[in-house]
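Visitor: Input model-v7.txt, format and content: compact mmCIF, N, CA and C atoms.
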```
# COMPACT_ATOMS: atom_id res chain seq x y z
N MET A 1 12.35 -136.98 -167.83
CA MET A 1 12.40 -136.41 -166.49
C MET A 1 11.78 -135.02 -166.52
N VAL A 2 11.10 -134.71 -165.43
CA VAL A 2 10.47 -133.39 -165.29
C VAL A 2 10.76 -132.85 -163.89
N GLU A 3 10.62 -131.55 -163.75
CA GLU A 3 10.76 -130.96 -162.42
C GLU A 3 9.52 -131.29 -161.60
N LEU A 4 9.73 -131.49 -160.32
CA LEU A 4 8.65 -131.88 -159.42
C LEU A 4 7.48 -130.90 -159.48
N ASN A 5 7.78 -129.61 -159.65
CA ASN A 5 6.72 -128.60 -159.67
C ASN A 5 5.87 -128.64 -160.95
N GLU A 6 6.25 -129.49 -161.92
CA GLU A 6 5.39 -129.68 -163.09
C GLU A 6 4.28 -130.68 -162.79
N LEU A 7 4.51 -131.52 -161.79
CA LEU A 7 3.54 -132.55 -161.42
C LEU A 7 2.69 -132.17 -160.21
N PHE A 8 3.26 -131.34 -159.34
CA PHE A 8 2.61 -131.01 -158.07
C PHE A 8 2.59 -129.51 -157.82
N ASP A 9 1.51 -129.05 -157.19
CA ASP A 9 1.52 -127.73 -156.57
C ASP A 9 2.26 -127.92 -155.26
N ILE A 10 3.29 -127.12 -155.02
CA ILE A 10 4.15 -127.30 -153.86
C ILE A 10 4.10 -126.05 -153.00
N GLU A 11 3.85 -126.25 -151.71
CA GLU A 11 3.82 -125.11 -150.79
C GLU A 11 4.36 -125.51 -149.44
N TYR A 12 4.86 -124.52 -148.71
CA TYR A 12 5.24 -124.78 -147.32
C TYR A 12 3.99 -125.12 -146.55
N GLY A 13 4.13 -126.04 -145.61
CA GLY A 13 3.01 -126.39 -144.74
C GLY A 13 2.73 -125.25 -143.78
N ASN A 14 2.08 -125.57 -142.68
CA ASN A 14 1.67 -124.57 -141.70
C ASN A 14 2.83 -123.91 -140.97
N GLN A 15 3.97 -124.59 -140.87
CA GLN A 15 5.10 -124.09 -140.08
C GLN A 15 4.70 -123.89 -138.62
N ALA A 16 3.76 -124.72 -138.16
CA ALA A 16 3.23 -124.60 -136.80
C ALA A 16 4.22 -125.19 -135.78
N ASP A 17 4.18 -124.63 -134.58
CA ASP A 17 4.97 -125.15 -133.47
C ASP A 17 4.05 -125.98 -132.59
N LEU A 18 4.41 -127.23 -132.38
CA LEU A 18 3.58 -128.13 -131.59
C LEU A 18 3.35 -127.60 -130.19
N ASN A 19 4.34 -126.96 -129.61
CA ASN A 19 4.18 -126.46 -128.24
C ASN A 19 3.17 -125.31 -128.14
N LYS A 20 2.72 -124.80 -129.26
CA LYS A 20 1.70 -123.74 -129.25
C LYS A 20 0.31 -124.28 -129.58
N LEU A 21 0.23 -125.59 -129.80
CA LEU A 21 -1.05 -126.24 -130.08
C LEU A 21 -1.43 -127.12 -128.90
N VAL A 22 -2.68 -127.55 -128.87
CA VAL A 22 -3.18 -128.36 -127.76
C VAL A 22 -3.35 -129.80 -128.23
N GLU A 23 -2.62 -130.71 -127.61
CA GLU A 23 -2.76 -132.13 -127.96
C GLU A 23 -4.12 -132.63 -127.49
N THR A 24 -4.66 -133.60 -128.26
CA THR A 24 -5.98 -134.13 -127.95
C THR A 24 -6.07 -135.57 -128.46
N SER A 25 -7.25 -136.16 -128.33
CA SER A 25 -7.44 -137.53 -128.80
C SER A 25 -7.77 -137.52 -130.29
N SER A 26 -7.71 -138.67 -130.90
CA SER A 26 -7.97 -138.77 -132.34
C SER A 26 -9.42 -138.46 -132.69
N SER A 27 -10.34 -138.67 -131.77
CA SER A 27 -11.75 -138.50 -132.09
C SER A 27 -12.15 -137.04 -132.29
N ASP A 28 -11.45 -136.12 -131.67
CA ASP A 28 -11.82 -134.71 -131.84
C ASP A 28 -10.66 -133.85 -132.33
N GLY A 29 -9.62 -134.48 -132.83
CA GLY A 29 -8.45 -133.72 -133.26
C GLY A 29 -8.11 -133.91 -134.73
N ILE A 30 -6.98 -133.35 -135.10
CA ILE A 30 -6.46 -133.45 -136.45
C ILE A 30 -4.99 -133.85 -136.33
N ARG A 31 -4.51 -134.59 -137.29
CA ARG A 31 -3.13 -135.09 -137.25
C ARG A 31 -2.13 -133.93 -137.35
N PHE A 32 -1.04 -134.04 -136.61
CA PHE A 32 0.07 -133.08 -136.69
C PHE A 32 1.25 -133.82 -137.27
N ILE A 33 1.74 -133.34 -138.43
CA ILE A 33 2.84 -133.99 -139.14
C ILE A 33 4.11 -133.17 -138.94
N SER A 34 5.13 -133.84 -138.41
CA SER A 34 6.41 -133.18 -138.19
C SER A 34 7.40 -133.67 -139.24
N ARG A 35 8.67 -133.31 -139.09
CA ARG A 35 9.66 -133.77 -140.05
C ARG A 35 10.31 -135.08 -139.63
N SER A 36 9.59 -135.86 -138.88
CA SER A 36 10.06 -137.18 -138.49
C SER A 36 10.04 -138.12 -139.70
N SER A 37 10.93 -139.08 -139.69
CA SER A 37 10.96 -140.07 -140.76
C SER A 37 10.16 -141.32 -140.39
N GLU A 38 9.55 -141.32 -139.23
CA GLU A 38 8.81 -142.48 -138.75
C GLU A 38 7.31 -142.21 -138.71
N ASN A 39 6.52 -143.26 -138.82
CA ASN A 39 5.07 -143.19 -138.65
C ASN A 39 4.42 -142.15 -139.57
N LEU A 40 4.89 -142.08 -140.81
CA LEU A 40 4.39 -141.11 -141.81
C LEU A 40 4.58 -139.66 -141.37
N GLY A 41 5.50 -139.42 -140.46
CA GLY A 41 5.72 -138.08 -139.94
C GLY A 41 4.73 -137.69 -138.85
N PHE A 42 3.80 -138.59 -138.55
CA PHE A 42 2.75 -138.30 -137.56
C PHE A 42 3.35 -138.16 -136.17
N GLN A 43 3.02 -137.05 -135.52
CA GLN A 43 3.51 -136.78 -134.17
C GLN A 43 2.43 -137.04 -133.13
N CYS A 44 1.26 -136.46 -133.34
CA CYS A 44 0.15 -136.61 -132.40
C CYS A 44 -1.09 -135.96 -133.02
N TYR A 45 -2.19 -136.04 -132.30
CA TYR A 45 -3.39 -135.30 -132.69
C TYR A 45 -3.44 -134.01 -131.90
N VAL A 46 -3.89 -132.94 -132.56
CA VAL A 46 -4.03 -131.65 -131.90
C VAL A 46 -5.44 -131.12 -132.14
N LYS A 47 -5.87 -130.22 -131.27
CA LYS A 47 -7.18 -129.60 -131.46
C LYS A 47 -7.15 -128.74 -132.72
N LYS A 48 -8.28 -128.71 -133.40
CA LYS A 48 -8.39 -127.91 -134.62
C LYS A 48 -8.26 -126.43 -134.29
N ASP A 49 -7.62 -125.72 -135.19
CA ASP A 49 -7.34 -124.30 -135.01
C ASP A 49 -7.77 -123.58 -136.28
N LYS A 50 -8.75 -122.71 -136.19
CA LYS A 50 -9.29 -122.02 -137.37
C LYS A 50 -8.26 -121.14 -138.06
N LYS A 51 -7.18 -120.80 -137.37
CA LYS A 51 -6.14 -119.95 -137.97
C LYS A 51 -5.21 -120.75 -138.89
N LEU A 52 -5.24 -122.06 -138.79
CA LEU A 52 -4.35 -122.90 -139.58
C LEU A 52 -5.09 -123.52 -140.77
N LYS A 53 -4.41 -123.56 -141.89
CA LYS A 53 -4.95 -124.23 -143.08
C LYS A 53 -4.93 -125.73 -142.84
N THR A 54 -6.03 -126.39 -143.19
CA THR A 54 -6.11 -127.84 -143.10
C THR A 54 -5.71 -128.42 -144.45
N TYR A 55 -4.69 -129.29 -144.44
CA TYR A 55 -4.27 -129.98 -145.65
C TYR A 55 -5.04 -131.29 -145.75
N LYS A 56 -5.43 -131.63 -146.94
CA LYS A 56 -6.28 -132.79 -147.18
C LYS A 56 -5.48 -134.09 -147.24
N GLY A 57 -6.09 -135.14 -146.72
CA GLY A 57 -5.51 -136.47 -146.86
C GLY A 57 -5.36 -136.78 -148.34
N GLY A 58 -4.34 -137.58 -148.67
CA GLY A 58 -4.06 -137.90 -150.07
C GLY A 58 -2.97 -137.04 -150.67
N THR A 59 -2.58 -135.98 -149.96
CA THR A 59 -1.46 -135.17 -150.42
C THR A 59 -0.17 -135.75 -149.84
N ILE A 60 0.95 -135.27 -150.33
CA ILE A 60 2.26 -135.78 -149.91
C ILE A 60 2.96 -134.75 -149.05
N THR A 61 3.58 -135.20 -147.96
CA THR A 61 4.43 -134.33 -147.16
C THR A 61 5.88 -134.72 -147.38
N VAL A 62 6.76 -133.71 -147.41
CA VAL A 62 8.19 -133.93 -147.61
C VAL A 62 8.96 -133.12 -146.59
N THR A 63 9.87 -133.78 -145.86
CA THR A 63 10.70 -133.07 -144.89
C THR A 63 11.84 -132.37 -145.62
N LEU A 64 12.11 -131.15 -145.22
CA LEU A 64 13.12 -130.34 -145.90
C LEU A 64 14.46 -130.33 -145.19
N GLY A 65 14.51 -130.84 -143.98
CA GLY A 65 15.76 -130.83 -143.23
C GLY A 65 15.74 -131.96 -142.21
N GLY A 66 16.73 -131.94 -141.34
CA GLY A 66 16.82 -132.95 -140.31
C GLY A 66 17.61 -134.16 -140.78
N THR A 67 17.64 -135.17 -139.95
CA THR A 67 18.43 -136.36 -140.22
C THR A 67 17.95 -137.10 -141.46
N TYR A 68 16.67 -137.13 -141.69
CA TYR A 68 16.12 -137.85 -142.83
C TYR A 68 15.45 -136.89 -143.80
N VAL A 69 16.23 -135.95 -144.30
CA VAL A 69 15.75 -134.99 -145.28
C VAL A 69 15.11 -135.74 -146.45
N LEU A 70 14.06 -135.20 -146.98
CA LEU A 70 13.28 -135.75 -148.09
C LEU A 70 12.47 -136.99 -147.73
N SER A 71 12.24 -137.24 -146.44
CA SER A 71 11.29 -138.29 -146.07
C SER A 71 9.94 -137.86 -146.63
N SER A 72 9.31 -138.73 -147.39
CA SER A 72 8.10 -138.37 -148.14
C SER A 72 7.00 -139.37 -147.87
N PHE A 73 5.81 -138.86 -147.58
CA PHE A 73 4.70 -139.74 -147.22
C PHE A 73 3.39 -139.25 -147.80
N VAL A 74 2.56 -140.18 -148.23
CA VAL A 74 1.18 -139.87 -148.59
C VAL A 74 0.41 -139.86 -147.27
N GLN A 75 -0.23 -138.74 -146.97
CA GLN A 75 -0.96 -138.63 -145.71
C GLN A 75 -2.37 -139.21 -145.87
N PRO A 76 -2.77 -140.10 -144.97
CA PRO A 76 -4.07 -140.76 -145.12
C PRO A 76 -5.26 -139.89 -144.70
N ASP A 77 -5.01 -138.91 -143.83
CA ASP A 77 -6.09 -138.08 -143.29
C ASP A 77 -5.69 -136.61 -143.34
N ASP A 78 -6.66 -135.74 -143.06
CA ASP A 78 -6.38 -134.31 -143.00
C ASP A 78 -5.37 -134.02 -141.90
N TYR A 79 -4.63 -132.91 -142.04
CA TYR A 79 -3.53 -132.66 -141.11
C TYR A 79 -3.06 -131.20 -141.12
N TYR A 80 -2.25 -130.87 -140.12
CA TYR A 80 -1.44 -129.65 -140.06
C TYR A 80 0.02 -130.10 -140.12
N THR A 81 0.92 -129.18 -140.45
CA THR A 81 2.33 -129.53 -140.44
C THR A 81 3.13 -128.64 -139.49
N GLY A 82 4.27 -129.18 -139.10
CA GLY A 82 5.23 -128.43 -138.32
C GLY A 82 6.20 -127.70 -139.23
N GLN A 83 7.35 -127.33 -138.67
CA GLN A 83 8.37 -126.58 -139.39
C GLN A 83 9.06 -127.46 -140.44
N ASN A 84 9.52 -126.82 -141.50
CA ASN A 84 10.33 -127.45 -142.54
C ASN A 84 9.69 -128.67 -143.20
N VAL A 85 8.41 -128.53 -143.52
CA VAL A 85 7.69 -129.57 -144.24
C VAL A 85 6.97 -128.90 -145.41
N LYS A 86 7.13 -129.46 -146.60
CA LYS A 86 6.37 -128.97 -147.75
C LYS A 86 5.25 -129.96 -148.06
N VAL A 87 4.20 -129.43 -148.65
CA VAL A 87 3.02 -130.21 -149.02
C VAL A 87 2.91 -130.22 -150.54
N LEU A 88 2.76 -131.40 -151.10
CA LEU A 88 2.65 -131.58 -152.55
C LEU A 88 1.24 -132.05 -152.89
N THR A 89 0.57 -131.28 -153.72
CA THR A 89 -0.77 -131.62 -154.19
C THR A 89 -0.69 -131.91 -155.68
N PRO A 90 -1.05 -133.12 -156.11
CA PRO A 90 -0.95 -133.45 -157.54
C PRO A 90 -1.75 -132.48 -158.41
N LYS A 91 -1.17 -132.07 -159.53
CA LYS A 91 -1.86 -131.18 -160.46
C LYS A 91 -2.88 -131.94 -161.31
N VAL A 92 -2.64 -133.24 -161.47
CA VAL A 92 -3.59 -134.11 -162.17
C VAL A 92 -3.92 -135.26 -161.24
N GLU A 93 -5.02 -135.92 -161.50
CA GLU A 93 -5.39 -137.03 -160.63
C GLU A 93 -4.33 -138.12 -160.69
N MET A 94 -3.93 -138.61 -159.51
CA MET A 94 -2.94 -139.69 -159.41
C MET A 94 -3.49 -140.76 -158.49
N SER A 95 -3.16 -141.99 -158.82
CA SER A 95 -3.52 -143.09 -157.94
C SER A 95 -2.59 -143.08 -156.73
N ASP A 96 -2.96 -143.81 -155.69
CA ASP A 96 -2.07 -143.92 -154.53
C ASP A 96 -0.75 -144.54 -154.93
N VAL A 97 -0.78 -145.52 -155.82
CA VAL A 97 0.45 -146.17 -156.27
C VAL A 97 1.39 -145.16 -156.91
N GLU A 98 0.85 -144.28 -157.74
CA GLU A 98 1.68 -143.25 -158.38
C GLU A 98 2.24 -142.29 -157.33
N LYS A 99 1.45 -141.94 -156.33
CA LYS A 99 1.96 -141.07 -155.26
C LYS A 99 3.05 -141.76 -154.46
N TYR A 100 2.88 -143.05 -154.18
CA TYR A 100 3.92 -143.80 -153.46
C TYR A 100 5.21 -143.82 -154.27
N PHE A 101 5.09 -143.98 -155.58
CA PHE A 101 6.26 -143.98 -156.44
C PHE A 101 7.00 -142.64 -156.32
N TYR A 102 6.25 -141.54 -156.34
CA TYR A 102 6.90 -140.23 -156.24
C TYR A 102 7.53 -140.03 -154.86
N CYS A 103 6.91 -140.57 -153.82
CA CYS A 103 7.55 -140.51 -152.49
C CYS A 103 8.90 -141.20 -152.54
N PHE A 104 8.95 -142.37 -153.18
CA PHE A 104 10.21 -143.11 -153.31
C PHE A 104 11.21 -142.33 -154.15
N ALA A 105 10.76 -141.75 -155.26
CA ALA A 105 11.65 -141.00 -156.14
C ALA A 105 12.23 -139.78 -155.42
N ILE A 106 11.41 -139.09 -154.64
CA ILE A 106 11.89 -137.92 -153.90
C ILE A 106 12.91 -138.36 -152.85
N ALA A 107 12.55 -139.34 -152.05
CA ALA A 107 13.45 -139.80 -150.97
C ALA A 107 14.76 -140.36 -151.52
N SER A 108 14.73 -140.88 -152.73
CA SER A 108 15.94 -141.43 -153.34
C SER A 108 16.99 -140.36 -153.63
N ASN A 109 16.61 -139.12 -153.55
CA ASN A 109 17.55 -138.01 -153.76
C ASN A 109 18.17 -137.50 -152.46
N ARG A 110 17.89 -138.18 -151.35
CA ARG A 110 18.39 -137.76 -150.03
C ARG A 110 19.92 -137.59 -150.04
N TYR A 111 20.61 -138.46 -150.73
CA TYR A 111 22.08 -138.42 -150.73
C TYR A 111 22.62 -137.07 -151.21
N ARG A 112 21.87 -136.36 -152.01
CA ARG A 112 22.31 -135.06 -152.51
C ARG A 112 22.41 -134.03 -151.39
N TYR A 113 21.73 -134.29 -150.29
CA TYR A 113 21.67 -133.32 -149.20
C TYR A 113 22.46 -133.78 -147.98
N THR A 114 22.36 -135.05 -147.64
CA THR A 114 23.00 -135.52 -146.41
C THR A 114 24.51 -135.42 -146.47
N SER A 115 25.09 -135.63 -147.63
CA SER A 115 26.55 -135.57 -147.72
C SER A 115 27.07 -134.14 -147.62
N HIS A 116 26.21 -133.17 -147.85
CA HIS A 116 26.63 -131.77 -147.81
C HIS A 116 26.04 -131.01 -146.62
N GLY A 117 25.19 -131.68 -145.84
CA GLY A 117 24.60 -131.05 -144.67
C GLY A 117 23.67 -129.90 -144.99
N ARG A 118 23.05 -129.92 -146.16
CA ARG A 118 22.17 -128.81 -146.52
C ARG A 118 20.71 -129.27 -146.51
N GLU A 119 19.84 -128.30 -146.54
CA GLU A 119 18.41 -128.59 -146.55
C GLU A 119 17.85 -128.42 -147.95
N ALA A 120 16.63 -128.93 -148.15
CA ALA A 120 16.02 -128.95 -149.48
C ALA A 120 15.03 -127.81 -149.69
N ASN A 121 15.04 -126.81 -148.84
CA ASN A 121 14.06 -125.72 -148.91
C ASN A 121 13.98 -125.07 -150.29
N LYS A 122 15.12 -124.76 -150.87
CA LYS A 122 15.15 -124.00 -152.13
C LYS A 122 15.14 -124.88 -153.37
N THR A 123 15.50 -126.14 -153.22
CA THR A 123 15.71 -126.97 -154.42
C THR A 123 14.65 -128.04 -154.65
N LEU A 124 13.80 -128.33 -153.68
CA LEU A 124 12.82 -129.40 -153.84
C LEU A 124 11.94 -129.19 -155.06
N ASP A 125 11.45 -128.00 -155.26
CA ASP A 125 10.50 -127.73 -156.35
C ASP A 125 11.06 -128.10 -157.71
N ASN A 126 12.38 -128.02 -157.88
CA ASN A 126 13.02 -128.27 -159.17
C ASN A 126 13.69 -129.64 -159.26
N LEU A 127 13.47 -130.48 -158.27
CA LEU A 127 14.03 -131.82 -158.26
C LEU A 127 13.52 -132.59 -159.48
N LEU A 128 14.42 -133.26 -160.18
CA LEU A 128 14.02 -134.02 -161.37
C LEU A 128 13.52 -135.40 -160.98
N VAL A 129 12.34 -135.74 -161.48
CA VAL A 129 11.71 -137.04 -161.24
C VAL A 129 11.12 -137.52 -162.56
N PRO A 130 10.85 -138.81 -162.69
CA PRO A 130 10.21 -139.30 -163.92
C PRO A 130 8.82 -138.68 -164.10
N SER A 131 8.44 -138.45 -165.35
CA SER A 131 7.08 -137.99 -165.63
C SER A 131 6.13 -139.16 -165.38
N ILE A 132 4.86 -138.88 -165.35
CA ILE A 132 3.87 -139.94 -165.11
C ILE A 132 4.00 -141.02 -166.19
N ASP A 133 4.26 -140.61 -167.42
CA ASP A 133 4.40 -141.57 -168.52
C ASP A 133 5.64 -142.45 -168.37
N GLU A 134 6.60 -142.01 -167.57
CA GLU A 134 7.85 -142.76 -167.39
C GLU A 134 7.85 -143.69 -166.17
N ILE A 135 6.75 -143.73 -165.43
CA ILE A 135 6.68 -144.65 -164.28
C ILE A 135 6.75 -146.07 -164.82
N PRO A 136 7.69 -146.87 -164.32
CA PRO A 136 7.83 -148.24 -164.83
C PRO A 136 6.57 -149.08 -164.58
N LYS A 137 6.31 -150.00 -165.48
CA LYS A 137 5.12 -150.85 -165.36
C LYS A 137 5.15 -151.70 -164.10
N TRP A 138 6.35 -152.12 -163.67
CA TRP A 138 6.44 -152.97 -162.49
C TRP A 138 5.92 -152.27 -161.24
N VAL A 139 5.95 -150.94 -161.24
CA VAL A 139 5.44 -150.20 -160.07
C VAL A 139 3.97 -150.52 -159.87
N TYR A 140 3.23 -150.51 -160.95
CA TYR A 140 1.79 -150.78 -160.86
C TYR A 140 1.52 -152.23 -160.44
N GLU A 141 2.38 -153.12 -160.86
CA GLU A 141 2.20 -154.54 -160.52
C GLU A 141 2.64 -154.84 -159.09
N ASP A 142 3.80 -154.31 -158.70
CA ASP A 142 4.36 -154.62 -157.38
C ASP A 142 3.71 -153.84 -156.25
N LEU A 143 3.28 -152.61 -156.51
CA LEU A 143 2.71 -151.78 -155.45
C LEU A 143 1.19 -151.82 -155.39
N ALA A 144 0.58 -152.40 -156.38
CA ALA A 144 -0.88 -152.45 -156.41
C ALA A 144 -1.41 -153.24 -155.22
N ILE A 145 -2.39 -152.69 -154.58
CA ILE A 145 -3.02 -153.36 -153.44
C ILE A 145 -4.06 -154.32 -154.00
N LYS A 146 -3.90 -155.56 -153.64
CA LYS A 146 -4.80 -156.59 -154.20
C LYS A 146 -5.78 -157.06 -153.17
```
Can you present the structure in this file as structure tokens?
Guide:
Amino acid sequence: MVELNELFDIEYGNQADLNKLVETSSSDGIRFISRSSENLGFQCYVKKDKKLKTYKGGTITVTLGGTYVLSSFVQPDDYYTGQNVKVLTPKVEMSDVEKYFYCFAIASNRYRYTSHGREANKTLDNLLVPSIDEIPKWVYEDLAIK
């Protein structure tokens, strides 16, 4: 087992407020990821804002609070984030299957927070997860896209 921050660079997302951004269509916008546990956290498309950092598709978002704390998703496209979302960027190249496994491993720790009503802001970085070498072989077989 290793701490999550040994595998990923972890940072707070944009902490943007949706009501201060302009919603738009998918053709000229960028995804806005909230701390929702549904639809990969996707809320809507917003107009691009040069003041906000654009996070790259392929990174993982993790909700730090709310009803479904530690909801974790691999984002398919570039995006901005709302409040209480951290962004995980792998320190080494990882396949999508390996990223999905880590999303599952992170979310599996939800019980540590929901029973105590606390958020994961301070503790996510040090959450213990299996190292890449410890990912079970069945993960590659069962999650592999054929």
Visitor: Output as a PyMOL selection string all residues of segment 47-117 of chain A that backbone DSSP marks as strand (DSSP E or B).
Guide: chain A and resi 47+55+60-63+72-74+79-81+85-90
Visitor: Would you mind exporting the chosen residues as a CSV table (one decimal), in the coordinates of the input, restricted to N, CA and C atoms?
Guide:
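The new file again.csv reads:
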```csv
chain,number,residue,atom,x,y,z
A,47,LYS,N,-5.9,-130.2,-131.3
A,47,LYS,CA,-7.2,-129.6,-131.5
A,47,LYS,C,-7.2,-128.7,-132.7
A,55,TYR,N,-4.7,-129.3,-144.4
A,55,TYR,CA,-4.3,-130.0,-145.6
A,55,TYR,C,-5.0,-131.3,-145.8
A,60,ILE,N,1.0,-135.3,-150.3
A,60,ILE,CA,2.3,-135.8,-149.9
A,60,ILE,C,3.0,-134.8,-149.0
A,61,THR,N,3.6,-135.2,-148.0
A,61,THR,CA,4.4,-134.3,-147.2
A,61,THR,C,5.9,-134.7,-147.4
A,62,VAL,N,6.8,-133.7,-147.4
A,62,VAL,CA,8.2,-133.9,-147.6
A,62,VAL,C,9.0,-133.1,-146.6
A,63,THR,N,9.9,-133.8,-145.9
A,63,THR,CA,10.7,-133.1,-144.9
A,63,THR,C,11.8,-132.4,-145.6
A,72,SER,N,9.3,-138.7,-147.4
A,72,SER,CA,8.1,-138.4,-148.1
A,72,SER,C,7.0,-139.4,-147.9
A,73,PHE,N,5.8,-138.9,-147.6
A,73,PHE,CA,4.7,-139.7,-147.2
A,73,PHE,C,3.4,-139.2,-147.8
A,74,VAL,N,2.6,-140.2,-148.2
A,74,VAL,CA,1.2,-139.9,-148.6
A,74,VAL,C,0.4,-139.9,-147.3
A,79,TYR,N,-4.6,-132.9,-142.0
A,79,TYR,CA,-3.5,-132.7,-141.1
A,79,TYR,C,-3.1,-131.2,-141.1
A,80,TYR,N,-2.2,-130.9,-140.1
A,80,TYR,CA,-1.4,-129.6,-140.1
A,80,TYR,C,0.0,-130.1,-140.1
A,81,THR,N,0.9,-129.2,-140.4
A,81,THR,CA,2.3,-129.5,-140.4
A,81,THR,C,3.1,-128.6,-139.5
A,85,VAL,N,8.4,-128.5,-143.5
A,85,VAL,CA,7.7,-129.6,-144.2
A,85,VAL,C,7.0,-128.9,-145.4
A,86,LYS,N,7.1,-129.5,-146.6
A,86,LYS,CA,6.4,-129.0,-147.8
A,86,LYS,C,5.2,-130.0,-148.1
A,87,VAL,N,4.2,-129.4,-148.6
A,87,VAL,CA,3.0,-130.2,-149.0
A,87,VAL,C,2.9,-130.2,-150.5
A,88,LEU,N,2.8,-131.4,-151.1
A,88,LEU,CA,2.6,-131.6,-152.6
A,88,LEU,C,1.2,-132.0,-152.9
A,89,THR,N,0.6,-131.3,-153.7
A,89,THR,CA,-0.8,-131.6,-154.2
A,89,THR,C,-0.7,-131.9,-155.7
A,90,PRO,N,-1.0,-133.1,-156.1
A,90,PRO,CA,-1.0,-133.4,-157.5
A,90,PRO,C,-1.8,-132.5,-158.4
```
Visitor: Between A:Ile132, A:Lys86, A:Tyr80, A:Trp138, which one has atoms that come closest to Tyr55 of chain A, using only N, CA and C atoms?
Guide: A:Tyr80
Visitor: Do you know which residues are at most 12 Å from Ser131 of chain A counting only C-alpha atoms, after dropping those on the same chain fewer than 5 positions away, and could you put them as a ChimeraX atom specification?
Guide: /A:1-8,92,94,98-99,101-102,105,136
Visitor: Residues of the last selection are to be written out with N, CA and C atoms, as a short mmCIF file (atom, residue, chain, number, x, y, z; two decimals), keeping the file's coordinate frame.
Guide:
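After the write, out-v8.cif holds the following:
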```
data_model
loop_
_atom_site.label_atom_id
_atom_site.label_comp_id
_atom_site.auth_asym_id
_atom_site.auth_seq_id
_atom_site.Cartn_x
_atom_site.Cartn_y
_atom_site.Cartn_z
N MET A 1 12.35 -136.98 -167.83
CA MET A 1 12.40 -136.41 -166.49
C MET A 1 11.78 -135.02 -166.52
N VAL A 2 11.10 -134.71 -165.43
CA VAL A 2 10.47 -133.39 -165.29
C VAL A 2 10.76 -132.85 -163.89
N GLU A 3 10.62 -131.55 -163.75
CA GLU A 3 10.76 -130.96 -162.42
C GLU A 3 9.52 -131.29 -161.60
N LEU A 4 9.73 -131.49 -160.32
CA LEU A 4 8.65 -131.88 -159.42
C LEU A 4 7.48 -130.90 -159.48
N ASN A 5 7.78 -129.61 -159.65
CA ASN A 5 6.72 -128.60 -159.67
C ASN A 5 5.87 -128.64 -160.95
N GLU A 6 6.25 -129.49 -161.92
CA GLU A 6 5.39 -129.68 -163.09
C GLU A 6 4.28 -130.68 -162.79
N LEU A 7 4.51 -131.52 -161.79
CA LEU A 7 3.54 -132.55 -161.42
C LEU A 7 2.69 -132.17 -160.21
N PHE A 8 3.26 -131.34 -159.34
CA PHE A 8 2.61 -131.01 -158.07
C PHE A 8 2.59 -129.51 -157.82
N VAL A 92 -2.64 -133.24 -161.47
CA VAL A 92 -3.59 -134.11 -162.17
C VAL A 92 -3.92 -135.26 -161.24
N MET A 94 -3.93 -138.61 -159.51
CA MET A 94 -2.94 -139.69 -159.41
C MET A 94 -3.49 -140.76 -158.49
N GLU A 98 0.85 -144.28 -157.74
CA GLU A 98 1.68 -143.25 -158.38
C GLU A 98 2.24 -142.29 -157.33
N LYS A 99 1.45 -141.94 -156.33
CA LYS A 99 1.96 -141.07 -155.26
C LYS A 99 3.05 -141.76 -154.46
N PHE A 101 5.09 -143.98 -155.58
CA PHE A 101 6.26 -143.98 -156.44
C PHE A 101 7.00 -142.64 -156.32
N TYR A 102 6.25 -141.54 -156.34
CA TYR A 102 6.90 -140.23 -156.24
C TYR A 102 7.53 -140.03 -154.86
N ALA A 105 10.76 -141.75 -155.26
CA ALA A 105 11.65 -141.00 -156.14
C ALA A 105 12.23 -139.78 -155.42
N PRO A 136 7.69 -146.87 -164.32
CA PRO A 136 7.83 -148.24 -164.83
C PRO A 136 6.57 -149.08 -164.58
#
```
Visitor: In Å to one decimal, how far is atom C of Asn14 of chain A from atom N of Leu88 of chain A?
Guide: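 Answer for the atom N of Leu88 of chain A to atom C of Asn14 of chain A separation: 12.6 Å.
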Visitor: Have a look at A:Ile30, A:Leu124, A:Cys44, A:Val62 and name the one nearest to Asp78 of chain A; count all atoms listed in the file.
Guide: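 With all atoms listed in the file as the atom set, the closest residue is A:Ile30.
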Visitor: How many Å separate atom CA of Phe73 of chain A from atom N of Val97 of chain A?
Guide: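 Between these atoms lies a distance of 11.7 Å.
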Visitor: Report as AutoDock Vina command-line options the centre and the edge lengths, in Å to one decimal, of the axis-aligned box holding every listed atom of segment 41-60 of chain A, padded by 8 Å on each side.
Guide:
```
--center_x -1.8 --center_y -129.7 --center_z -141.0 --size_x 31.0 --size_y 35.5 --size_z 35.4
```
Visitor: Name the closest residue to Arg112 of chain A among the candidates A:Tyr68, A:Phe32, A:Tyr79, A:Tyr140; distances are taken between atoms, counting only C-alpha atoms.
Guide: A:Tyr68
Visitor: Please list as a list in words every residue within 8 Å of Leu18 of chain A, counting all atoms listed in the file and excluding residues in the same chain fewer than 6 positions away.
Guide: Phe32, Thr81, Gly82 and Gln83 of chain A
Visitor: Suppose you want the space between atom C of Val85 of chain A and atom C of Arg35 of chain A; what is it in Å?
Guide: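 Separation between atom C of Val85 of chain A and atom C of Arg35 of chain A: 9.1 Å.
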Visitor: Out of chain A, which residues get alpha helix (DSSP H) from DSSP, as a list of chain:residue names?
Guide: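 The alpha helix (DSSP H) residues within chain A come out as A:Leu4, A:Asn5, A:Glu6, A:Leu7, A:Asp96, A:Val97, A:Glu98, A:Lys99, A:Tyr100, A:Phe101, A:Tyr102, A:Cys103, A:Phe104, A:Ala105, A:Ile106, A:Ala107, A:Tyr111, A:Arg112, A:Tyr113, A:Thr114, A:Lys137, A:Trp138, A:Val139, A:Tyr140, A:Glu141, A:Asp142, A:Leu143.
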Visitor: Name the closest residue to Lys51 of chain A among the candidates A:Pro130, A:Pro90, A:Ser34, A:Ala16; distances are taken between atoms, counting only C-alpha atoms.
Guide: A:Ala16
Visitor: Go ahead and find all residues with at least one atom no further than 8 Å from (10.7, -122.9, -149.9) in the file's coordinates, using only C-alpha atoms; report them as a list in words.
Guide: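 The answer, in the requested form, is Glu11, Tyr12, Lys86, Asn121, Lys122, Thr123 and Leu124 of chain A.
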